Amino acid sequence: MIPRHLFIAISVLLLAVLGMSFYAWRMRGRAAAGPAVSLDSRPVGPPVAGNTEQVTLFVAYDDSGVLLAQSARIPLPSVRQQRAEELLRSLLALYLDKASPHPLPQGSDVRSVYLVDPGLAVIDINAAFADGHRSGVLSEELTVASLIETLSANLPGILRVKILVEGKQRDTLAGHADLSGFFDVSAVNQLSTQLESSQ
Amino acid sequence: MRSNRTGSFEHSTGGQSIRRWRSGGAAVSAALLFVGLLPSAAAPEKHLAVYSTAANYSLPIVQRQGHEYIGLLELLDPLGTVSAKSDPPHWRIHYNNILGEFTIGHTHARVQGRDADLAGKFLMENGRGFVPLASLGSLLPRFLGGPATLHQESGRLFIGNIATHFTASVPPEDPSHLVFRFTAPVNPSVATEPGKLRMTFSREPVTAPASPTLTFGSKTIPEATYSESNSSAQITVNTTIPLIASFSHDGRTITLAPVKSENAAATTGTPVTGPATPPASAPVQTPTGSAAPVPQNSAAAQPPAPRPSSSAARRYFAVVDASHGGNDRGEALSSTLAEKDVTVAFARRLRQELENRGISTLVLRDSDATVSIDDRAFYANTTHAAVYVALHAASNGHGVRLYTALLPHSGEDDRGPFHSWTTAQSSSIPLSQAAAASVAAELKNHQVAVRTLTAPLRPLNNVVTAAIAVEVAPAGSDVSQLMSPDYQQLVAVAVANGIADMRAQLGAAP
């Protein structure tokens, strides 16, 4: 025979367990049915004020599958790291434009660029950039080459580049371009030469 | 091999009421099991044929909850040292030194501490662990450290690079003959019926050619079809004349030839069984019991196949890798077409074209299996093939893009015989570029637009032999063209020609 007080305690505990289970089940269902986390759609254009400088952007063109250097004047800060970030954001502004030659997903952004001596640049892009990027060998390598060439052409001394996504290493950009290693800038320069022509 | 199938079933028993519930539950379970077994008893028992280098064997497939299940211990037992321990709801299995942990009702397991998706619930009956058949393609590589390819519909499982491929051709000098060449000895049962000759491979890991229907342009032997069912593979040859099969090359070649007139009437309507161990040029028993004459026309039965100049020791000269697969769909080429489906279809076609040129070829992914990038490089390197070809498909651009490795910056150097994993390709780059140039030239000859580039594309940089990637885009704007047999054939022929042209150079590489 189970003592009365033990019976009551077990009953109360069972009720509590059932209640918590029901509550957790409801919360889980509500979370699943709720709206997806909206993408970060902050503007990524460079600041419009300040002195402008002549820079070279390496722009990808999907229709012909080429990477072409083009000059632009953009306002740039004096600090090297901020210059790197603004350079890439100017490039991304082109890709996020309605008439983009190489569309990137809305909300794509460069979170930070870290310049580490000797000659290492770490580009940290956001999840929206990588998660929504078009898949394909050429499409992905155009993006990678565009970022690296734009950075190395305007900031001398960069020899290696690492690309992170949300601060973490990722195997590929969108299933093809390998992001697990360090890009050798001289090798990407050669790739850039190959990508100048669609032949 | 030793196995321990006696699991422990130690339950901590509670009070009497719990025991009563248990006995009642057991009765209900037994009743449910009995009811569940009723329909399966009526239906023919389905089996899984397992092909491996260690053993070929067959296991019963059980139906539970509308899904097909297989006993994991029984499956692994012939392959190594296995032991299992049951501690409900948990079940642990040791295969060699690898531990797998399963829980009843869970759709995930842990193998060597890593999560593995089971594609269904894990079941346990009488201490025996059952996993969904569909999970084997992804689960077994965790235990075995190698690929496992499941043909679920037909109940065939290929462990490792065990598949036997074949080509079929009608010798131009004698269009009444049909010659099948297999990459390993085969011993099918042969049956004839009016207008057909059927070869059934129940013991051999024969796999599909590039296209299930092979056409030969011969009036007497217009076509052959490949199919799989009931744990076996079948090749059905349509013919307008009675045919008879003869074996040669230790069972690696089967030649179908017209039956001489006196035997023609006897070769229809009755099954014929091939020899248990087909010797070279062995005759096949006819229904009348007399030995049919073996075609002595060696030119017809054994047309000379071109051979690599210095690669006789290689088991496979080329490794063709259908990129993506399983959970990795690759690019969504359209709302209904995934890159992984295009690459595997193209890989089969390319294998056929390469083997038609006498180039032994291994397709790394011949089904919708998930194969990791590291595993792809591992298999490409351990087969010691002369060339590795990764296949991709894309919706943007036109024609074909050929890639060689864009090596990453590596802080590691090769140490003696050991190569840095990330730059293993470095010494083979010139050969890879030469192979890409050869393929590009052939594609141009076939009026296919082609570009040659480098790319940061794994596993090209991890492969120690010549390695290229072929990314096929539609010739025009219609993405569905990627699945067009004509377009795939055009590209496959050009790629195969390009590799065949490089055969001597590739074969000379260490």
# chains A, B, ... in the order shown; residues from 1 in each chain; ligands from 1

call {"tool": "residues_around", "arguments": {"residues": "Asp375 of chain B", "least_positions_apart": "5", "cutoff": "10 Å", "atoms": "only C-alpha atoms", "output": "PyMOL selection string"}}
result
chain B and resi 141+145-147+364+380-381+459

call {"tool": "write_last_selection", "arguments": {"atoms": "C-alpha atoms", "output": "short mmCIF file (atom, residue, chain, number, x, y, z; two decimals), in the first residue's frame"}}
result
data_model
loop_
_atom_site.label_atom_id
_atom_site.label_comp_id
_atom_site.auth_asym_id
_atom_site.auth_seq_id
_atom_site.Cartn_x
_atom_site.Cartn_y
_atom_site.Cartn_z
CA PRO B 141 30.31 3.81 -45.02
CA GLY B 145 35.18 3.28 -44.19
CA GLY B 146 34.32 2.81 -47.84
CA PRO B 147 31.43 3.39 -50.21
CA LEU B 364 32.60 6.73 -57.89
CA ALA B 380 40.54 8.31 -56.52
CA ASN B 381 43.98 8.00 -54.93
CA PRO B 459 38.76 17.30 -54.42
#

call {"tool": "residues_around", "arguments": {"residues": "segment 181-196 of chain A", "least_positions_apart": "4", "cutoff": "7 Å", "atoms": "only C-alpha atoms", "output": "list of chain:residue names"}}
result
A:Val66, A:Leu67, A:Leu68, A:Ala145, A:Glu149, A:Leu159, A:Arg160, A:Val161, A:Lys162, B:Leu406, B:Pro408, B:His409, B:Leu453, B:Thr454

call {"tool": "select_by_dssp", "arguments": {"residues": "segment 20-192 of chain A", "states": "strand (DSSP E or B)", "output": "NGL selection string"}}
result
:A and (52-61 or 66-75 or 110-116 or 120-125 or 160-165 or 168 or 172 or 177-178 or 182-184)

call {"tool": "write_last_selection", "arguments": {"atoms": "C-alpha atoms", "output": "PDB file, in the first residue's frame"}}
result
ATOM      1  CA  THR A  52      36.644  60.092 -52.932  1.00  0.00           C
ATOM      2  CA  GLU A  53      39.472  58.011 -54.325  1.00  0.00           C
ATOM      3  CA  GLN A  54      40.066  56.202 -57.562  1.00  0.00           C
ATOM      4  CA  VAL A  55      39.938  52.409 -57.052  1.00  0.00           C
ATOM      5  CA  THR A  56      39.817  49.323 -59.238  1.00  0.00           C
ATOM      6  CA  LEU A  57      36.914  46.957 -58.767  1.00  0.00           C
ATOM      7  CA  PHE A  58      36.965  43.517 -60.335  1.00  0.00           C
ATOM      8  CA  VAL A  59      33.390  42.957 -61.461  1.00  0.00           C
ATOM      9  CA  ALA A  60      31.931  39.609 -62.452  1.00  0.00           C
ATOM     10  CA  TYR A  61      29.567  39.292 -65.404  1.00  0.00           C
ATOM     11  CA  VAL A  66      34.066  37.036 -67.209  1.00  0.00           C
ATOM     12  CA  LEU A  67      35.750  39.131 -64.537  1.00  0.00           C
ATOM     13  CA  LEU A  68      36.623  42.647 -65.651  1.00  0.00           C
ATOM     14  CA  ALA A  69      38.519  45.419 -63.911  1.00  0.00           C
ATOM     15  CA  GLN A  70      36.737  48.723 -63.840  1.00  0.00           C
ATOM     16  CA  SER A  71      37.603  52.032 -62.234  1.00  0.00           C
ATOM     17  CA  ALA A  72      35.390  53.746 -59.707  1.00  0.00           C
ATOM     18  CA  ARG A  73      35.605  56.721 -57.377  1.00  0.00           C
ATOM     19  CA  ILE A  74      34.401  55.984 -53.887  1.00  0.00           C
ATOM     20  CA  PRO A  75      34.846  57.668 -50.534  1.00  0.00           C
ATOM     21  CA  VAL A 110      30.806  41.850 -45.650  1.00  0.00           C
ATOM     22  CA  ARG A 111      30.776  41.787 -41.866  1.00  0.00           C
ATOM     23  CA  SER A 112      34.449  42.585 -41.429  1.00  0.00           C
ATOM     24  CA  VAL A 113      37.814  42.376 -43.070  1.00  0.00           C
ATOM     25  CA  TYR A 114      40.761  41.575 -40.834  1.00  0.00           C
ATOM     26  CA  LEU A 115      44.245  42.394 -42.054  1.00  0.00           C
ATOM     27  CA  VAL A 116      46.845  40.278 -40.343  1.00  0.00           C
ATOM     28  CA  LEU A 120      46.936  37.797 -44.661  1.00  0.00           C
ATOM     29  CA  ALA A 121      43.448  39.190 -45.192  1.00  0.00           C
ATOM     30  CA  VAL A 122      40.421  37.520 -43.644  1.00  0.00           C
ATOM     31  CA  ILE A 123      37.087  38.388 -45.256  1.00  0.00           C
ATOM     32  CA  ASP A 124      34.091  37.632 -43.072  1.00  0.00           C
ATOM     33  CA  ILE A 125      30.856  37.573 -45.066  1.00  0.00           C
ATOM     34  CA  ARG A 160      46.846  35.194 -48.752  1.00  0.00           C
ATOM     35  CA  VAL A 161      43.111  35.491 -48.229  1.00  0.00           C
ATOM     36  CA  LYS A 162      40.790  33.491 -46.045  1.00  0.00           C
ATOM     37  CA  ILE A 163      37.019  33.736 -46.405  1.00  0.00           C
ATOM     38  CA  LEU A 164      34.810  33.062 -43.384  1.00  0.00           C
ATOM     39  CA  VAL A 165      31.027  32.999 -43.113  1.00  0.00           C
ATOM     40  CA  LYS A 168      33.299  30.550 -38.982  1.00  0.00           C
ATOM     41  CA  THR A 172      32.222  25.796 -49.742  1.00  0.00           C
ATOM     42  CA  ALA A 177      34.115  26.927 -54.422  1.00  0.00           C
ATOM     43  CA  ASP A 178      36.340  25.636 -51.639  1.00  0.00           C
ATOM     44  CA  PHE A 182      43.754  30.002 -47.709  1.00  0.00           C
ATOM     45  CA  PHE A 183      43.650  31.501 -51.184  1.00  0.00           C
ATOM     46  CA  ASP A 184      47.033  32.218 -52.691  1.00  0.00           C
TER      47      ASP A 184
END

call {"tool": "atom_distance", "arguments": {"atom1": "atom CA of Leu150 of chain B", "atom2": "atom CA of Ile499 of chain B"}}
result
29.6 Å

call {"tool": "interface_residues", "arguments": {"of": "chain B", "to": "chain A", "cutoff": "6 Å", "atoms": "only C-alpha atoms", "output": "ChimeraX atom specification"}}
result
/B:331,394,408-409,451,456-457

call {"tool": "residues_around", "arguments": {"residues": "Ala332 of chain B", "least_positions_apart": "4", "cutoff": "12 Å", "atoms": "only C-alpha atoms", "output": "list in words"}}
result
His133, Arg134, Ser135, Gly136, Ala174 and Gly175 of chain A; His324, Asp328, Thr336, Leu337, Ala338, Glu339, Lys340, Asp341, Val342, Ala393, Ala394, Ser395, Asn396, Val479 and Ser480 of chain B

call {"tool": "closest_residue", "arguments": {"among": "A:Asp109, A:Pro118, A:Gln169, A:His102", "to": "Ser146 of chain A", "atoms": "only C-alpha atoms"}}
result
A:His102

call {"tool": "residues_around", "arguments": {"residues": "Glu45 of chain B", "least_positions_apart": "5", "cutoff": "10 Å", "atoms": "only C-alpha atoms", "output": "PDB file with N, CA and C atoms, in the first residue's frame"}}
result
ATOM      1  N   SER B  40       2.871 -10.512 -44.493  1.00  0.00           N
ATOM      2  CA  SER B  40       4.202 -10.794 -45.015  1.00  0.00           C
ATOM      3  C   SER B  40       4.382 -12.276 -45.282  1.00  0.00           C
ATOM      4  N   PRO B  60      17.450 -11.772 -45.626  1.00  0.00           N
ATOM      5  CA  PRO B  60      16.026 -11.451 -45.784  1.00  0.00           C
ATOM      6  C   PRO B  60      15.745  -9.993 -45.400  1.00  0.00           C
ATOM      7  N   ILE B  61      14.872  -9.379 -46.160  1.00  0.00           N
ATOM      8  CA  ILE B  61      14.408  -8.023 -45.844  1.00  0.00           C
ATOM      9  C   ILE B  61      13.056  -8.165 -45.150  1.00  0.00           C
ATOM     10  N   VAL B  62      12.896  -7.493 -44.019  1.00  0.00           N
ATOM     11  CA  VAL B  62      11.622  -7.603 -43.304  1.00  0.00           C
ATOM     12  C   VAL B  62      10.838  -6.305 -43.458  1.00  0.00           C
ATOM     13  N   GLN B  63       9.532  -6.434 -43.471  1.00  0.00           N
ATOM     14  CA  GLN B  63       8.643  -5.276 -43.563  1.00  0.00           C
ATOM     15  C   GLN B  63       8.161  -4.925 -42.165  1.00  0.00           C
ATOM     16  N   ASN B 230      14.427  -8.370 -57.958  1.00  0.00           N
ATOM     17  CA  ASN B 230      14.586  -9.573 -57.122  1.00  0.00           C
ATOM     18  C   ASN B 230      16.049  -9.937 -56.877  1.00  0.00           C
TER      19      ASN B 230
END

call {"tool": "closest_residue", "arguments": {"among": "B:Tyr57, B:Pro194, B:Leu48, B:Phe247", "to": "Arg156 of chain B", "atoms": "only C-alpha atoms"}}
result
B:Leu48

call {"tool": "residues_around", "arguments": {"residues": "Ser78 of chain A", "least_positions_apart": "5", "cutoff": "12 Å", "atoms": "only C-alpha atoms", "output": "list in words"}}
result
Gly50, Asn51, Thr52, Glu53, Arg83, Ala84, Glu85 and Glu86 of chain A

call {"tool": "write_last_selection", "arguments": {"atoms": "C-alpha atoms", "output": "CSV table (one decimal), in the first residue's frame"}}
result
chain,number,residue,atom,x,y,z
A,50,GLY,CA,34.2,62.4,-47.5
A,51,ASN,CA,37.0,62.5,-50.1
A,52,THR,CA,36.6,60.1,-52.9
A,53,GLU,CA,39.5,58.0,-54.3
A,83,ARG,CA,39.3,50.9,-46.4
A,84,ALA,CA,39.2,47.2,-47.1
A,85,GLU,CA,35.7,46.9,-45.8
A,86,GLU,CA,34.4,49.9,-47.8

call {"tool": "closest_residue", "arguments": {"among": "B:Gly251, B:Gly507, B:Gly476, B:Gly129", "to": "Ala318 of chain B", "atoms": "only C-alpha atoms"}}
result
B:Gly507
